[in-house]
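Coordinates as given in model_13.txt (compact mmCIF, C-alpha atoms and all ligand atoms):
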```
# COMPACT_ATOMS: atom_id res chain seq x y z
CA MET A 1 88.89 102.28 121.37
CA ILE A 2 88.11 103.16 117.79
CA PRO A 3 88.53 100.22 115.43
CA ARG A 4 91.47 100.20 113.07
CA VAL A 5 90.65 99.61 109.41
CA LEU A 6 93.21 98.46 106.92
CA SER A 7 92.69 98.27 103.22
CA GLY A 8 95.03 97.53 100.38
CA ILE A 9 94.78 98.33 96.72
CA GLN A 10 97.09 97.43 93.90
CA PRO A 11 98.72 100.32 92.08
CA SER A 12 97.70 99.37 88.59
CA GLY A 13 96.53 102.38 86.59
CA ASN A 14 93.01 102.52 85.20
CA LEU A 15 91.23 103.19 88.49
CA HIS A 16 87.58 103.37 87.45
CA ILE A 17 84.09 104.25 88.69
CA GLY A 18 83.60 100.66 89.85
CA ASN A 19 86.56 101.10 92.23
CA TYR A 20 85.19 104.43 93.38
CA LEU A 21 81.59 103.34 93.92
CA GLY A 22 82.57 99.93 95.27
CA ALA A 23 85.43 100.84 97.60
CA LEU A 24 87.14 104.21 97.54
CA GLY A 25 83.96 106.29 97.95
CA ASN A 26 82.92 104.20 100.95
CA TRP A 27 86.35 104.53 102.51
CA VAL A 28 86.09 108.28 102.20
CA LYS A 29 82.68 108.26 103.88
CA MET A 30 83.73 105.89 106.66
CA GLN A 31 87.18 107.26 107.36
CA HIS A 32 86.31 109.37 110.38
CA GLN A 33 84.59 106.53 112.20
CA PHE A 34 87.83 104.59 112.20
CA GLU A 35 91.54 104.83 112.37
CA SER A 36 92.22 104.06 108.74
CA ILE A 37 95.31 102.89 106.90
CA PHE A 38 95.14 102.78 103.12
CA CYS A 39 97.95 100.78 101.73
CA ILE A 40 99.12 101.01 98.12
CA VAL A 41 100.47 97.51 97.69
CA ASP A 42 103.32 97.84 95.23
CA LEU A 43 104.96 94.63 96.50
CA HIS A 44 101.81 92.74 95.55
CA ALA A 45 101.80 94.36 92.12
CA ILE A 46 105.21 92.89 91.23
CA THR A 47 104.00 89.31 91.79
CA VAL A 48 103.33 89.52 88.07
CA TYR A 49 105.65 91.45 85.77
CA GLN A 50 105.10 95.22 85.67
CA LYS A 51 106.81 97.68 83.38
CA PRO A 52 108.88 99.72 85.87
CA GLU A 53 108.01 103.10 84.37
CA GLU A 54 104.29 102.30 84.42
CA LEU A 55 104.38 100.97 87.97
CA ARG A 56 106.21 104.07 89.18
CA THR A 57 103.56 106.26 87.57
CA SER A 58 100.65 104.16 88.86
CA ILE A 59 101.78 104.39 92.48
CA ARG A 60 101.82 108.18 92.41
CA GLU A 61 98.63 108.35 90.40
CA MET A 62 96.84 106.17 92.93
CA ALA A 63 98.02 108.24 95.88
CA GLY A 64 96.90 111.39 94.07
CA ILE A 65 93.47 109.92 93.34
CA PHE A 66 93.02 108.86 96.97
CA LEU A 67 93.62 112.44 98.07
CA ALA A 68 91.50 113.89 95.28
CA ALA A 69 88.63 111.54 96.18
CA GLY A 70 88.64 112.88 99.70
CA ILE A 71 90.89 110.71 101.84
CA ASP A 72 91.91 113.15 104.56
CA PRO A 73 95.65 112.92 105.20
CA LYS A 74 95.26 114.69 108.54
CA HIS A 75 93.26 111.74 109.80
CA SER A 76 93.88 108.72 107.56
CA ARG A 77 97.18 107.24 106.52
CA ILE A 78 98.10 106.64 102.91
CA VAL A 79 101.06 104.30 102.89
CA VAL A 80 103.07 102.81 100.06
CA GLN A 81 103.69 99.24 101.21
CA SER A 82 107.34 99.07 100.15
CA THR A 83 108.22 102.17 102.19
CA VAL A 84 107.57 100.24 105.40
CA PRO A 85 110.03 97.31 105.32
CA ALA A 86 108.20 95.55 108.16
CA HIS A 87 105.63 94.32 105.58
CA SER A 88 108.25 92.17 103.88
CA GLU A 89 109.77 91.12 107.15
CA LEU A 90 106.53 89.93 108.73
CA ALA A 91 105.60 88.20 105.47
CA TRP A 92 108.69 85.98 105.81
CA LEU A 93 108.00 85.23 109.46
CA LEU A 94 104.42 84.24 108.60
CA THR A 95 105.54 82.20 105.60
CA CYS A 96 107.22 79.90 108.09
CA VAL A 97 103.93 79.06 109.82
CA THR A 98 101.82 78.75 106.66
CA PRO A 99 101.25 75.28 105.25
CA MET A 100 101.66 75.11 101.46
CA GLY A 101 98.35 73.29 101.24
CA TRP A 102 96.52 76.41 102.41
CA LEU A 103 98.08 78.46 99.63
CA GLU A 104 97.43 75.81 96.99
CA ARG A 105 93.72 76.18 97.71
CA MET A 106 93.60 79.90 96.92
CA THR A 107 91.30 80.39 93.94
CA GLN A 108 92.95 83.63 92.87
CA PHE A 109 96.34 81.93 92.77
CA LYS A 110 94.94 79.13 90.65
CA ALA A 111 93.35 81.58 88.22
CA LYS A 112 96.40 83.86 87.97
CA ALA A 113 98.83 80.96 87.71
CA ALA A 114 96.82 79.44 84.88
CA ALA A 115 97.25 82.69 82.95
CA GLN A 116 101.06 82.81 83.34
CA GLU A 117 103.68 80.96 81.38
CA SER A 118 106.00 80.88 84.35
CA VAL A 119 104.64 81.30 87.85
CA GLY A 120 106.82 83.22 90.31
CA ASP A 121 107.06 82.12 93.90
CA GLY A 122 105.84 85.61 94.83
CA LEU A 123 102.48 84.87 93.26
CA PHE A 124 102.18 81.83 95.49
CA GLN A 125 103.20 83.85 98.56
CA TYR A 126 100.88 86.73 97.68
CA PRO A 127 98.25 85.85 100.31
CA VAL A 128 100.91 85.61 103.04
CA LEU A 129 102.10 89.11 102.23
CA MET A 130 98.51 90.25 102.40
CA ALA A 131 98.10 88.57 105.80
CA ALA A 132 101.21 90.46 106.89
CA ASP A 133 99.70 93.78 105.74
CA ILE A 134 96.67 93.11 107.91
CA LEU A 135 98.28 91.55 110.99
CA LEU A 136 101.14 94.04 111.10
CA TYR A 137 98.74 96.74 112.25
CA GLN A 138 96.50 94.48 114.35
CA ALA A 139 93.65 95.67 112.11
CA ASN A 140 90.12 95.04 113.38
CA LEU A 141 88.37 95.46 110.05
CA VAL A 142 89.43 94.76 106.50
CA PRO A 143 86.96 96.06 103.94
CA VAL A 144 87.30 93.93 100.82
CA GLY A 145 85.15 92.73 97.96
CA GLU A 146 83.91 89.18 97.51
CA ASP A 147 86.99 88.20 95.50
CA GLN A 148 89.34 88.92 98.43
CA MET A 149 87.34 87.23 101.18
CA GLN A 150 89.27 84.00 100.88
CA HIS A 151 92.51 85.90 101.45
CA VAL A 152 91.20 87.57 104.59
CA GLU A 153 90.00 84.16 105.82
CA LEU A 154 93.52 82.90 105.27
CA ALA A 155 94.94 85.82 107.26
CA ARG A 156 92.68 84.76 110.11
CA ASP A 157 93.84 81.14 109.81
CA ILE A 158 97.47 82.22 109.85
CA ALA A 159 96.88 84.46 112.88
CA GLN A 160 95.15 81.63 114.69
CA ARG A 161 97.89 79.17 113.91
CA PHE A 162 100.55 81.60 115.05
CA ASN A 163 98.64 82.36 118.24
CA SER A 164 98.26 78.69 119.08
CA LEU A 165 101.91 77.90 118.36
CA TYR A 166 103.48 80.91 120.06
CA GLY A 167 100.81 82.42 122.31
CA GLU A 168 98.23 85.21 121.82
CA THR A 169 99.89 87.69 119.48
CA PHE A 170 97.55 88.77 116.71
CA VAL A 171 94.14 90.41 116.70
CA MET A 172 91.59 88.52 114.58
CA PRO A 173 90.56 90.74 111.68
CA ALA A 174 86.94 90.81 110.50
CA THR A 175 85.89 91.48 106.93
CA LYS A 176 83.52 94.17 105.96
CA ILE A 177 82.03 94.27 102.50
CA ALA A 178 81.02 97.48 100.81
CA GLU A 179 77.36 98.43 100.95
CA VAL A 180 74.77 97.67 98.28
CA GLY A 181 74.72 99.23 94.85
CA ALA A 182 78.45 99.06 94.78
CA ARG A 183 78.99 96.26 92.31
CA ILE A 184 79.47 98.01 88.97
CA MET A 185 79.69 95.87 85.86
CA GLY A 186 81.58 96.34 82.59
CA LEU A 187 79.80 98.77 80.26
CA ASP A 188 80.61 96.63 77.23
CA ASP A 189 79.74 93.40 79.03
CA PRO A 190 77.39 93.82 81.98
CA THR A 191 77.76 90.17 83.02
CA SER A 192 81.29 90.69 84.36
CA LYS A 193 82.47 93.10 87.03
CA MET A 194 84.13 96.31 85.80
CA SER A 195 87.85 95.63 85.90
CA LYS A 196 91.14 97.49 85.66
CA SER A 197 92.61 94.93 83.31
CA ALA A 198 89.85 94.34 80.73
CA THR A 199 91.03 95.50 77.32
CA GLY A 200 87.77 96.45 75.56
CA ALA A 201 87.69 100.17 74.63
CA GLY A 202 84.18 100.66 76.02
CA HIS A 203 84.65 98.62 79.17
CA ARG A 204 85.13 101.18 81.93
CA VAL A 205 84.97 104.84 82.83
CA GLY A 206 88.34 105.85 84.28
CA LEU A 207 88.37 108.30 87.17
CA LEU A 208 90.67 110.59 85.20
CA ASP A 209 88.86 110.26 81.84
CA PRO A 210 87.97 113.62 80.26
CA PRO A 211 84.21 114.40 80.12
CA GLU A 212 84.00 113.81 76.36
CA LYS A 213 85.40 110.31 76.73
CA ILE A 214 83.11 109.53 79.67
CA LYS A 215 80.11 110.56 77.63
CA LYS A 216 81.21 108.50 74.64
CA THR A 217 81.78 105.37 76.72
CA ILE A 218 78.44 105.58 78.49
CA MET A 219 76.49 106.37 75.31
CA LYS A 220 77.92 103.18 73.77
CA ALA A 221 77.11 100.96 76.78
CA THR A 222 75.42 97.64 76.09
CA THR A 223 71.69 97.62 76.92
CA ASP A 224 69.08 95.08 75.78
CA SER A 225 66.40 94.59 73.14
CA ASN A 226 63.93 96.99 74.78
CA SER A 227 64.16 100.67 73.90
CA ALA A 228 62.98 102.26 77.13
CA VAL A 229 63.43 101.50 80.84
CA ASP A 230 61.10 98.77 82.11
CA PHE A 231 61.92 97.82 85.69
CA GLU A 232 60.27 94.39 85.33
CA THR A 233 62.01 93.15 82.20
CA MET A 234 65.28 95.10 82.02
CA GLY A 235 68.54 93.25 81.31
CA PRO A 236 71.86 93.55 83.18
CA GLY A 237 73.15 96.44 81.04
CA VAL A 238 70.27 98.76 81.88
CA ARG A 239 70.35 97.66 85.51
CA ASN A 240 74.05 98.56 85.59
CA LEU A 241 73.46 102.04 84.17
CA LEU A 242 70.78 102.62 86.79
CA SER A 243 73.12 101.35 89.54
CA ILE A 244 75.77 103.84 88.48
CA PHE A 245 73.28 106.69 88.58
CA GLN A 246 71.87 105.59 91.92
CA ALA A 247 75.27 105.13 93.52
CA PHE A 248 76.41 108.61 92.49
CA SER A 249 73.12 110.36 93.29
CA GLY A 250 72.17 108.50 96.46
CA TRP A 251 68.55 108.37 95.25
CA THR A 252 66.12 105.87 96.80
CA ASN A 253 64.64 103.00 94.77
CA GLU A 254 61.34 104.87 94.74
CA GLN A 255 62.94 108.00 93.29
CA MET A 256 64.71 105.90 90.67
CA ARG A 257 61.47 104.24 89.55
CA GLN A 258 59.54 107.49 89.42
CA HIS A 259 62.18 109.20 87.39
CA PHE A 260 63.39 106.49 85.03
CA ALA A 261 60.40 104.22 84.26
CA GLY A 262 59.61 104.52 80.56
CA LEU A 263 62.60 106.73 79.77
CA ARG A 264 64.23 105.96 76.41
CA TYR A 265 67.71 104.46 76.56
CA GLY A 266 69.30 107.42 74.78
CA ASP A 267 68.03 109.76 77.50
CA LEU A 268 68.92 107.33 80.28
CA LYS A 269 72.50 107.22 79.06
CA LYS A 270 72.71 110.98 78.72
CA GLN A 271 71.62 111.40 82.32
CA VAL A 272 73.97 108.72 83.60
CA ALA A 273 76.81 110.43 81.74
CA GLU A 274 75.92 113.86 83.17
CA MET A 275 75.65 112.48 86.72
CA THR A 276 79.01 110.71 86.36
CA ILE A 277 80.76 113.76 84.92
CA SER A 278 79.37 116.05 87.62
CA HIS A 279 80.96 113.81 90.26
CA LEU A 280 84.26 113.17 88.52
CA GLU A 281 85.01 116.71 87.33
CA PRO A 282 85.61 118.23 90.78
CA MET A 283 87.73 115.20 91.70
CA GLN A 284 89.81 115.68 88.55
CA THR A 285 90.31 119.35 89.31
CA ARG A 286 91.58 118.47 92.79
CA TYR A 287 93.79 115.78 91.28
CA ARG A 288 95.44 118.34 89.01
CA GLU A 289 95.99 120.72 91.93
CA ILE A 290 97.42 117.96 94.15
CA THR A 291 99.81 116.62 91.54
CA ALA A 292 100.95 120.04 90.30
CA ASP A 293 103.57 119.93 93.07
CA PRO A 294 105.04 116.41 93.13
CA THR A 295 106.83 117.07 96.40
CA TYR A 296 103.47 117.52 98.14
CA LEU A 297 102.59 113.90 97.37
CA ASP A 298 105.99 112.76 98.57
CA ARG A 299 105.47 114.61 101.83
CA ILE A 300 102.09 112.98 102.42
CA LEU A 301 103.48 109.52 101.70
CA GLN A 302 106.49 110.11 103.92
CA GLU A 303 104.21 111.28 106.71
CA GLY A 304 102.03 108.18 106.30
CA ALA A 305 105.07 105.89 106.51
CA ASP A 306 106.52 107.77 109.49
CA ILE A 307 103.33 107.43 111.49
CA VAL A 308 102.67 103.73 110.85
CA THR A 309 106.26 102.49 111.01
CA PRO A 310 106.46 102.36 114.84
CA ILE A 311 103.23 100.30 114.99
CA ALA A 312 104.55 97.93 112.35
CA ASN A 313 107.97 97.61 113.94
CA SER A 314 106.59 96.84 117.35
CA THR A 315 104.52 93.98 115.90
CA VAL A 316 107.57 92.55 114.16
CA GLU A 317 109.57 92.87 117.37
CA LEU A 318 106.88 91.02 119.31
CA VAL A 319 106.65 88.28 116.70
CA LYS A 320 110.42 87.78 116.70
CA GLU A 321 110.45 87.57 120.46
CA ARG A 322 107.61 85.04 120.47
CA MET A 323 109.37 82.90 117.88
CA GLY A 324 112.64 82.97 119.77
CA ILE A 325 114.77 84.50 117.04
CA TYR A 326 117.37 87.04 117.98
CA THR A 327 116.23 90.13 119.83
CA LYS A 328 118.35 92.38 122.01
CA ALA A 329 118.68 91.76 125.74
CA ARG A 330 116.65 94.18 127.83
N1 LIG B 401 94.85 91.55 97.37
C1 LIG B 401 94.10 92.76 97.41
C2 LIG B 401 93.45 93.01 96.06
O1 LIG B 401 93.97 92.64 95.04
C3 LIG B 401 94.96 93.94 97.78
C4 LIG B 401 95.51 93.86 99.16
C5 LIG B 401 96.80 93.67 99.50
C6 LIG B 401 94.78 94.02 100.36
N2 LIG B 401 96.95 93.71 100.84
C7 LIG B 401 95.74 93.91 101.42
C8 LIG B 401 93.43 94.24 100.66
C9 LIG B 401 95.35 94.02 102.75
C10 LIG B 401 93.05 94.36 102.00
C11 LIG B 401 94.01 94.24 103.04
O2 LIG B 401 92.42 93.63 96.03
```
Take the structure in this file and express it as structure tokens.
Amino acid sequence: MIPRVLSGIQPSGNLHIGNYLGALGNWVKMQHQFESIFCIVDLHAITVYQKPEELRTSIREMAGIFLAAGIDPKHSRIVVQSTVPAHSELAWLLTCVTPMGWLERMTQFKAKAAAQESVGDGLFQYPVLMAADILLYQANLVPVGEDQMQHVELARDIAQRFNSLYGETFVMPATKIAEVGARIMGLDDPTSKMSKSATGAGHRVGLLDPPEKIKKTIMKATTDSNSAVDFETMGPGVRNLLSIFQAFSGWTNEQMRQHFAGLRYGDLKKQVAEMTISHLEPMQTRYREITADPTYLDRILQEGADIVTPIANSTVELVKERMGIYTKAR
């Protein structure tokens, strides 16, 4: 049986090269080895306030970028979470077997709650909804970054608890982290990971940024007090630029050293910019083609939902039966 992979990504705009090199690009490469479900988690997004018009746009933009980046809709499913009601339904059922203490320990909750004036219950329940996303499809693998590992662990704990209370029901999901070279840092501050929410103008390269803007952002990237590449003494900014180049080009460490040792920073940046643009331009062209007909996107998303809904519904049915709540006589 080929393993089922489930991954979720929040539909905030600003998808950037860090997302592509850290996650999306790997998904595209791996998709044919697995049965993949890519879930655009709009119900997670609203755990903190979103401007409705922006959220609506972000969901479509994200789906369009997935397709443009090479997710193959003939093989992989792109699903908007809210279009499959079983996500919400299972989340409630799992909420009832999740101790509050487990949720209080979540580091992301603590960090996000600290940044809010008023904390919605949804933010607290966020990891349970995520567990539902995963367990709904009996996913074998959940590729996530370091920051989401604790949530996948929690999904396992919830599955285990459910299984021991009500009998074997859920498959235990394993995590899979993206391969090396995938951790891209902020261009304005190479000590923190490139993020969708950072506000600095020179922080990230967006996947839909025009070439001129990409070039400008990379040329302004923070480096260090050297003026040319020295592999022994380079700081995090130069290392980050090299990581971006290497991740796009697929060059070996040896090739990187040969080519870049001693190169002046101005030239390094120019080459990183060219490499980045040469990868993003074809993706942007496909994005424009894909989104030119908005009904095409709707069809793909409908198809995704139609195919996964029976899997999701049968899990919910089983869970209800196990828990003893009302199901029809057979
Ligand atoms: N919480 C994840 C994030 O912010 C997104 C997510 C939601 C997810 N549901 C998921 C990731 C299920 C993997 C599997 O990145």
Kindly assemble as a tab-separated table a list of the region 36-70 of chain A residues that lie within 10 Å of region 131-136 of chain A, each paired with its nearest atom pair and their distance in Å to one decimal, using all atoms listed in the file, sorted first by chain and then by ascending residue number.
```
residue	atom	partner	partner_atom	distance
A:Ile37	CA	A:Ile134	CA	9.9
A:Cys39	CA	A:Asp133	CA	8.3
A:Val41	CA	A:Asp133	CA	8.9
```
- [ ] Counting only C-alpha atoms, figure out which residue out of A:Leu207, A:Met323, A:Val97, A:Ile78 gets nearest to Pro282 (chain A).
- [x] A:Leu207
Quick one: what's the axis-aligned box for ligand LIG 401 (chain B), all listed atoms, 8 Å on every side, centre and edges in Å to one decimal, as lines of an AutoDock Vina configuration file?
```
center_x = 94.7
center_y = 93.0
center_z = 99.0
size_x = 20.5
size_y = 18.8
size_z = 24.0
```
Report the closest atom pair, with its distance in Å rounded to one decimal, for each residue of chain A that has an atom no farther than 10 Å from ligand LIG 401 (chain B); count all atoms listed in the file, sort by chain and then rising residue number, and write it as a Markdown table.
```
| residue | atom | partner | partner_atom | distance |
| --- | --- | --- | --- | --- |
| A:Val5 | CA | B:LIG401 | C11 | 9.0 |
| A:Leu6 | CA | B:LIG401 | C11 | 5.8 |
| A:Ser7 | CA | B:LIG401 | C10 | 4.1 |
| A:Gly8 | CA | B:LIG401 | C6 | 3.5 |
| A:Ile9 | CA | B:LIG401 | C3 | 4.5 |
| A:Gln10 | CA | B:LIG401 | C3 | 5.6 |
| A:Pro11 | CA | B:LIG401 | C3 | 9.3 |
| A:Ile37 | CA | B:LIG401 | C11 | 9.6 |
| A:Phe38 | CA | B:LIG401 | C11 | 8.6 |
| A:Cys39 | CA | B:LIG401 | N2 | 7.2 |
| A:Ile40 | CA | B:LIG401 | C5 | 7.8 |
| A:Val41 | CA | B:LIG401 | C5 | 5.6 |
| A:Asp42 | CA | B:LIG401 | C5 | 8.8 |
| A:Leu43 | CA | B:LIG401 | C5 | 8.7 |
| A:His44 | CA | B:LIG401 | C5 | 6.4 |
| A:Ala45 | CA | B:LIG401 | O1 | 8.5 |
| A:Gln81 | CA | B:LIG401 | N2 | 8.7 |
| A:His87 | CA | B:LIG401 | N2 | 9.9 |
| A:Gln108 | CA | B:LIG401 | N1 | 9.3 |
| A:Tyr126 | CA | B:LIG401 | N1 | 7.7 |
| A:Pro127 | CA | B:LIG401 | N1 | 7.3 |
| A:Val128 | CA | B:LIG401 | N2 | 9.3 |
| A:Leu129 | CA | B:LIG401 | N2 | 7.0 |
| A:Met130 | CA | B:LIG401 | N2 | 4.1 |
| A:Ala131 | CA | B:LIG401 | C9 | 6.8 |
| A:Ala132 | CA | B:LIG401 | C9 | 8.0 |
| A:Asp133 | CA | B:LIG401 | C9 | 5.3 |
| A:Ile134 | CA | B:LIG401 | C9 | 5.4 |
| A:Leu135 | CA | B:LIG401 | C9 | 9.1 |
| A:Ala139 | CA | B:LIG401 | C11 | 9.2 |
| A:Leu141 | CA | B:LIG401 | C11 | 9.1 |
| A:Val142 | CA | B:LIG401 | C11 | 5.8 |
| A:Pro143 | CA | B:LIG401 | C10 | 6.6 |
| A:Val144 | CA | B:LIG401 | C10 | 5.9 |
| A:Gly145 | CA | B:LIG401 | O2 | 7.6 |
| A:Glu146 | CA | B:LIG401 | O2 | 9.7 |
| A:Asp147 | CA | B:LIG401 | O2 | 7.7 |
| A:Gln148 | CA | B:LIG401 | O2 | 6.1 |
| A:Met149 | CA | B:LIG401 | C10 | 9.2 |
| A:His151 | CA | B:LIG401 | N1 | 7.4 |
| A:Val152 | CA | B:LIG401 | C11 | 7.4 |
| A:Ala155 | CA | B:LIG401 | C9 | 9.4 |
| A:Pro173 | CA | B:LIG401 | C11 | 9.9 |
| A:Thr175 | CA | B:LIG401 | C10 | 9.2 |
```
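If all atoms listed in the file are the atoms counted, then among A:Arg60, A:Leu268, A:Ala69, A:Lys29 the closest residue to Asp293 (chain A) is A:Arg60.
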TODO: Please work out which residues fall within 10 Å of (70.3, 97.4, 80.9), coordinates as given in the file, with only C-alpha atoms counting, and return them as a VMD selection string.
DONE: chain A and resid 187 190 221 to 231 233 to 243 265
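Here CA of Val119 (chain A) and CA of Glu104 (chain A) stand 12.9 Å from one another.
Here CA of Asn253 (chain A) is placed at a distance of 24.8 Å from CA of Lys220 (chain A).
Shortest atom-to-atom contact with Val48 (chain A) among A:Val28, A:Ala68, A:Val84, A:Ala113: A:Ala113, counting all atoms listed in the file.
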TODO: For Gly304 (chain A), list every protein, DNA or RNA residue within 6 Å, evaluated using all atoms listed in the file, and leave out those in the same chain fewer than 2 positions away; present the list as a count of residues only.
DONE: 7
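With distances taken over all atoms listed in the file, A:Ala273 is the one residue among A:Glu54, A:Ala273, A:Lys193, A:Ala247 lying closest to Lys216 (chain A).
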Task: Separation of CA of Phe124 (chain A) from CA of Met106 (chain A) in Å - done: 8.9 Å
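Compared by their closest atoms to Gln284 (chain A), and using all atoms listed in the file, the residues A:Ala201, A:Leu67, A:Ala261, A:Val319 rank with A:Leu67 nearest.
Using all atoms listed in the file, the nearest neighbour of Thr285 (chain A) within the list A:Pro99, A:Gly64, A:Arg161, A:Val272 is A:Gly64.
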